[in-house]
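Enquirer: Below you will find the structure I want to go over with you.
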Amino acid sequence: MVLTALALPAAADDGASAPHTERLSVAPDGTGGNGHSGSPVVSSDGRVVAFVSQATNLVPDTTTGGNVFVRTAPGAALRRVSLPGETTSTPSLSASGRYLTFASYSTATERTSVHVMDVKSGRTERLAPSLPDGYAVSYGIAPISGNGRYVAFVARPTDDSDPRGCRIHVLDRFTERVHQVSRASRRATCQQQSMSADGRKIAYQDGYTGPSDDDQGDILVHDRRTGRTVKADTTHDGAPAEQSSVSPSLSADGSTVSFASTARNLVPGTDPNDGWNVFVRDLRTGSLTRVDGHAPTDLVVGGELSADGSRMLVNIGNADRQPQGLWLRDLRTGQETLLSPGTDGKPVGVGSTALSADASTAVFDSYYPGLVPDDTNWIGDVFVRYVR
């Protein structure tokens, strides 16, 4: 397989120091992408960004949509991650920004693969460790540790008639040893997982039929060093969540995990919005906190954490499901900063989000126009917000 070579620029302009928003999914002449872009991820220092796009005008000689694109530094041109005859998706960056994982799909062979790329050299390798019990690497996001040594991936039975479900594993790329993280479960989606920067802890959604018919998913955190797995979406007194929990996000240091849930019994008191909320579990103390919006009935999604778990991206919608913007909240003080102001200063709604380790840079996608002056269409774009 051949990959379009990527080279990190020797120097790059980090842009203005004042908070501002830039649109990344643009053609070389500055015009917007002609197809939707989304699912952005960002390196620890905020310099490297990757995302998926259906656009064919972001880089020259792109004839089909469905590609991962990388920006290696502020001001650098976009580069397309290319595999002949295949589309690419589900990017994930190491904290250093040096390594990128992504999935590919071949229409000719109908085969899905997962790859690890060295962003500096452009070298790529297909993930194909030896797995027991008739399992093989399958599609799904593949978080990678900061130094590129550990990769978490989804494995599924090679026999389509096999009733067993997917499992999550971690590959040590140095020793080629594989560690099984999750049990096989027909109900497990295996699409939602997050890894600490050192590769020690994995948070994931586990399909589960619990005490309520509505509880179809739990959030588990597995420590590969101790072998211990803890359930994050339990109440303050250890009871199970009454409804599903999704979208786990681990802080880089592995101390904190966030997730979204419609469960109303996780913390004491009445849930005023009767809908989605984000919760934060301190894995050191076991304390659980609900992250509320600005009004009692606001719905909150998102939950990406800074490296130490002290700050969080909070994506808010009101009771009428109208977006109220993306905010960076200090979980200790409650202080907030709006990250998605429109050109008129009012909050603009966003979709997928990601945060740099020091919370200096956020990336997100949005269909809404008005985040930057020249964006007037309703095509999904990827934006970077420089907080400071």
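In the structure tokens, chains take letters A, B, ... by order of appearance, with residues numbered from 1 within each chain and ligands from 1 in the order shown.
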Got a sec: who's within 6 Å of stretch 100-116 of chain A, counting only C-alpha atoms, leaving out chain neighbours fewer than 4 positions off, as a list in words?
Expert: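 Result of the neighbour search: Glu86, Thr87, Thr88, Ser89, Thr90, Pro91, Ser92, Leu93, Thr124, Glu125, Arg126, Leu127 and Tyr139 of chain A.
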Enquirer: Could you save the residues just selected, with N, CA, C and O atoms, as a short mmCIF file (atom, residue, chain, number, x, y, z; two decimals), in the first residue's frame?
Expert:
data_model
loop_
_atom_site.label_atom_id
_atom_site.label_comp_id
_atom_site.auth_asym_id
_atom_site.auth_seq_id
_atom_site.Cartn_x
_atom_site.Cartn_y
_atom_site.Cartn_z
N GLU A 86 -9.03 2.90 -1.71
CA GLU A 86 -9.68 2.79 -0.41
C GLU A 86 -10.07 4.16 0.11
O GLU A 86 -9.43 5.17 -0.18
N THR A 87 -11.14 4.20 0.88
CA THR A 87 -11.50 5.40 1.61
C THR A 87 -10.93 5.28 3.02
O THR A 87 -10.67 4.18 3.52
N THR A 88 -10.71 6.42 3.68
CA THR A 88 -10.14 6.42 5.02
C THR A 88 -11.07 7.17 5.97
O THR A 88 -11.80 8.07 5.56
N SER A 89 -11.02 6.78 7.24
CA SER A 89 -11.95 7.35 8.22
C SER A 89 -11.41 7.19 9.63
O SER A 89 -10.32 6.65 9.83
N THR A 90 -12.20 7.62 10.61
CA THR A 90 -11.97 7.48 12.06
C THR A 90 -10.52 7.76 12.47
O THR A 90 -9.84 6.89 13.00
N PRO A 91 -10.04 8.99 12.27
CA PRO A 91 -8.68 9.30 12.70
C PRO A 91 -8.56 9.41 14.21
O PRO A 91 -9.52 9.76 14.91
N SER A 92 -7.39 9.10 14.72
CA SER A 92 -7.06 9.30 16.12
C SER A 92 -5.58 9.66 16.19
O SER A 92 -4.75 9.02 15.54
N LEU A 93 -5.24 10.69 16.96
CA LEU A 93 -3.86 11.17 17.06
C LEU A 93 -3.25 10.81 18.40
O LEU A 93 -3.93 10.82 19.43
N THR A 124 3.54 4.15 6.87
CA THR A 124 2.31 3.58 7.42
C THR A 124 2.41 2.06 7.49
O THR A 124 3.13 1.43 6.72
N GLU A 125 1.71 1.49 8.44
CA GLU A 125 1.67 0.03 8.57
C GLU A 125 0.25 -0.40 8.91
O GLU A 125 -0.47 0.31 9.63
N ARG A 126 -0.15 -1.52 8.36
CA ARG A 126 -1.47 -2.06 8.66
C ARG A 126 -1.40 -2.86 9.95
O ARG A 126 -0.48 -3.65 10.17
N LEU A 127 -2.37 -2.65 10.82
CA LEU A 127 -2.41 -3.34 12.09
C LEU A 127 -2.93 -4.75 11.86
O LEU A 127 -4.07 -4.94 11.45
N TYR A 139 -13.09 -2.71 11.98
CA TYR A 139 -13.30 -1.28 11.91
C TYR A 139 -13.59 -0.70 13.30
O TYR A 139 -14.04 -1.39 14.20
#
Enquirer: Need to verify the contact set: A:Val59, 12 Å, only C-alpha atoms, exclusion of same-chain residues closer than 3 positions in sequence. Can you return it as a PyMOL selection string?
Expert: chain A and resi 4+24-34+53-56+62-65+67-71+77-82
Enquirer: Within 12 Å of stretch 302-323 of chain A, which residues of stretch 34-97 of chain A show up? Give each one with its shortest atom-to-atom distance in Å (one decimal) and the two atoms involved, counting only C-alpha atoms, rows by chain then rising residue number, as a Markdown table.
Expert:
| residue | atom | partner | partner_atom | distance |
| --- | --- | --- | --- | --- |
| A:Val41 | CA | A:Glu304 | CA | 10.9 |
| A:Val42 | CA | A:Glu304 | CA | 11.4 |
| A:Ser43 | CA | A:Ala307 | CA | 11.3 |
| A:Ser44 | CA | A:Ala307 | CA | 8.2 |
| A:Asp45 | CA | A:Ala307 | CA | 10.7 |
| A:Gly46 | CA | A:Ser306 | CA | 11.7 |
| A:Ala95 | CA | A:Ala307 | CA | 9.8 |
Enquirer: Please report, as a VMD selection string, each residue of stretch 46-283 of chain A to which DSSP assigns strand (DSSP E) when run on this structure's backbone.
Expert: chain A and resid 49 to 53 67 to 71 78 to 81 86 to 93 99 to 106 111 to 118 124 to 126 135 to 137 150 to 157 167 to 172 178 to 180 193 to 195 201 to 207 217 to 223 229 to 231 245 to 250 256 to 261 277 to 282
Enquirer: Please provide the set of residues having any atom within 12 Å of A:Pro268, restricted to only C-alpha atoms, with same-chain residues fewer than 2 positions apart removed, written as a list in words.
Expert: Thr235, His236, Asp237, Ala263, Arg264, Asn265, Leu266, Thr270, Asp271, Leu288, Thr289 and Arg290 of chain A
Enquirer: Next, the residues of the selection above should be written as a tab-separated table (two decimals), in the first residue's frame with all heavy atoms.
Expert:
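Output contents, as saved in part_14.tsv:
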chain	number	residue	atom	x	y	z
A	235	THR	N	-23.94	5.07	40.78
A	235	THR	CA	-24.39	6.17	41.62
A	235	THR	C	-23.38	6.44	42.73
A	235	THR	O	-22.41	5.70	42.91
A	235	THR	CB	-25.75	5.84	42.26
A	235	THR	OG1	-25.58	4.75	43.18
A	235	THR	CG2	-26.76	5.44	41.19
A	236	HIS	N	-23.66	7.49	43.50
A	236	HIS	CA	-22.75	7.86	44.59
A	236	HIS	C	-22.64	6.75	45.64
A	236	HIS	O	-21.63	6.66	46.34
A	236	HIS	CB	-23.26	9.14	45.26
A	236	HIS	CG	-24.60	8.99	45.90
A	236	HIS	ND1	-25.77	8.93	45.17
A	236	HIS	CD2	-24.98	8.88	47.21
A	236	HIS	CE1	-26.79	8.79	45.99
A	236	HIS	NE2	-26.34	8.75	47.22
A	237	ASP	N	-23.67	5.87	45.71
A	237	ASP	CA	-23.62	4.79	46.68
A	237	ASP	C	-23.39	3.42	46.04
A	237	ASP	O	-23.60	2.38	46.65
A	237	ASP	CB	-24.90	4.77	47.52
A	237	ASP	CG	-26.16	4.66	46.66
A	237	ASP	OD1	-26.02	4.57	45.42
A	237	ASP	OD2	-27.26	4.65	47.24
A	263	ALA	N	-29.42	8.69	32.52
A	263	ALA	CA	-29.78	8.19	33.85
A	263	ALA	C	-30.04	9.35	34.80
A	263	ALA	O	-29.29	10.33	34.82
A	263	ALA	CB	-28.68	7.29	34.39
A	264	ARG	N	-31.07	9.23	35.61
A	264	ARG	CA	-31.43	10.29	36.53
A	264	ARG	C	-31.09	9.96	37.98
A	264	ARG	O	-31.36	10.77	38.88
A	264	ARG	CB	-32.93	10.59	36.41
A	264	ARG	CG	-33.31	11.25	35.09
A	264	ARG	CD	-34.80	11.20	34.85
A	264	ARG	NE	-35.25	9.84	34.57
A	264	ARG	CZ	-36.50	9.51	34.25
A	264	ARG	NH1	-37.42	10.44	34.17
A	264	ARG	NH2	-36.83	8.26	34.01
A	265	ASN	N	-30.49	8.79	38.21
A	265	ASN	CA	-30.21	8.38	39.58
A	265	ASN	C	-28.72	8.43	39.92
A	265	ASN	O	-28.32	7.96	40.99
A	265	ASN	CB	-30.72	6.96	39.81
A	265	ASN	CG	-29.94	5.91	39.00
A	265	ASN	OD1	-29.50	6.19	37.88
A	265	ASN	ND2	-29.81	4.72	39.56
A	266	LEU	N	-27.90	8.98	39.04
A	266	LEU	CA	-26.45	8.93	39.27
A	266	LEU	C	-25.99	9.85	40.38
A	266	LEU	O	-25.04	9.53	41.11
A	266	LEU	CB	-25.70	9.25	37.97
A	266	LEU	CG	-25.77	8.17	36.88
A	266	LEU	CD1	-25.09	8.63	35.61
A	266	LEU	CD2	-25.13	6.87	37.38
A	270	THR	N	-32.99	16.02	41.98
A	270	THR	CA	-33.82	15.89	40.79
A	270	THR	C	-33.07	16.41	39.57
A	270	THR	O	-32.41	17.45	39.62
A	270	THR	CB	-35.12	16.69	40.95
A	270	THR	OG1	-35.83	16.20	42.09
A	270	THR	CG2	-36.01	16.56	39.71
A	271	ASP	N	-33.18	15.65	38.47
A	271	ASP	CA	-32.59	16.10	37.20
A	271	ASP	C	-33.63	16.97	36.49
A	271	ASP	O	-34.65	16.46	36.02
A	271	ASP	CB	-32.23	14.89	36.34
A	271	ASP	CG	-31.64	15.28	34.99
A	271	ASP	OD1	-31.40	16.48	34.78
A	271	ASP	OD2	-31.43	14.38	34.16
A	288	LEU	N	-18.41	11.52	41.86
A	288	LEU	CA	-19.12	11.69	40.60
A	288	LEU	C	-19.85	13.02	40.62
A	288	LEU	O	-20.56	13.33	41.58
A	288	LEU	CB	-20.10	10.54	40.38
A	288	LEU	CG	-20.89	10.57	39.07
A	288	LEU	CD1	-19.96	10.31	37.89
A	288	LEU	CD2	-22.01	9.54	39.10
A	289	THR	N	-19.72	13.79	39.53
A	289	THR	CA	-20.33	15.11	39.43
A	289	THR	C	-21.10	15.23	38.13
A	289	THR	O	-20.61	14.80	37.08
A	289	THR	CB	-19.27	16.22	39.48
A	289	THR	OG1	-18.48	16.07	40.67
A	289	THR	CG2	-19.91	17.60	39.46
A	290	ARG	N	-22.29	15.79	38.19
A	290	ARG	CA	-23.03	16.10	36.97
A	290	ARG	C	-22.66	17.51	36.49
A	290	ARG	O	-22.57	18.44	37.28
A	290	ARG	CB	-24.54	16.04	37.23
A	290	ARG	CG	-25.38	16.19	35.95
A	290	ARG	CD	-26.86	16.12	36.25
A	290	ARG	NE	-27.30	17.27	37.04
A	290	ARG	CZ	-28.31	17.25	37.91
A	290	ARG	NH1	-28.98	16.14	38.11
A	290	ARG	NH2	-28.65	18.33	38.58
Enquirer: Which residues of stretch 19-67 of chain A come within 10 Å of stretch 333-341 of chain A, and what is each one's closest atom pair and distance in Å (one decimal), counting only C-alpha atoms, sorted by chain and residue number, as CSV?
Expert:
residue,atom,partner,partner_atom,distance
A:Pro19,CA,A:Leu339,CA,8.9
A:His20,CA,A:Leu339,CA,8.8
A:Thr21,CA,A:Ser340,CA,7.9
Enquirer: Of the residues A:Leu331, A:Leu326, A:Leu355, A:Ala152, which is the one nearest to A:Ala252, using only C-alpha atoms?
Expert: A:Leu355
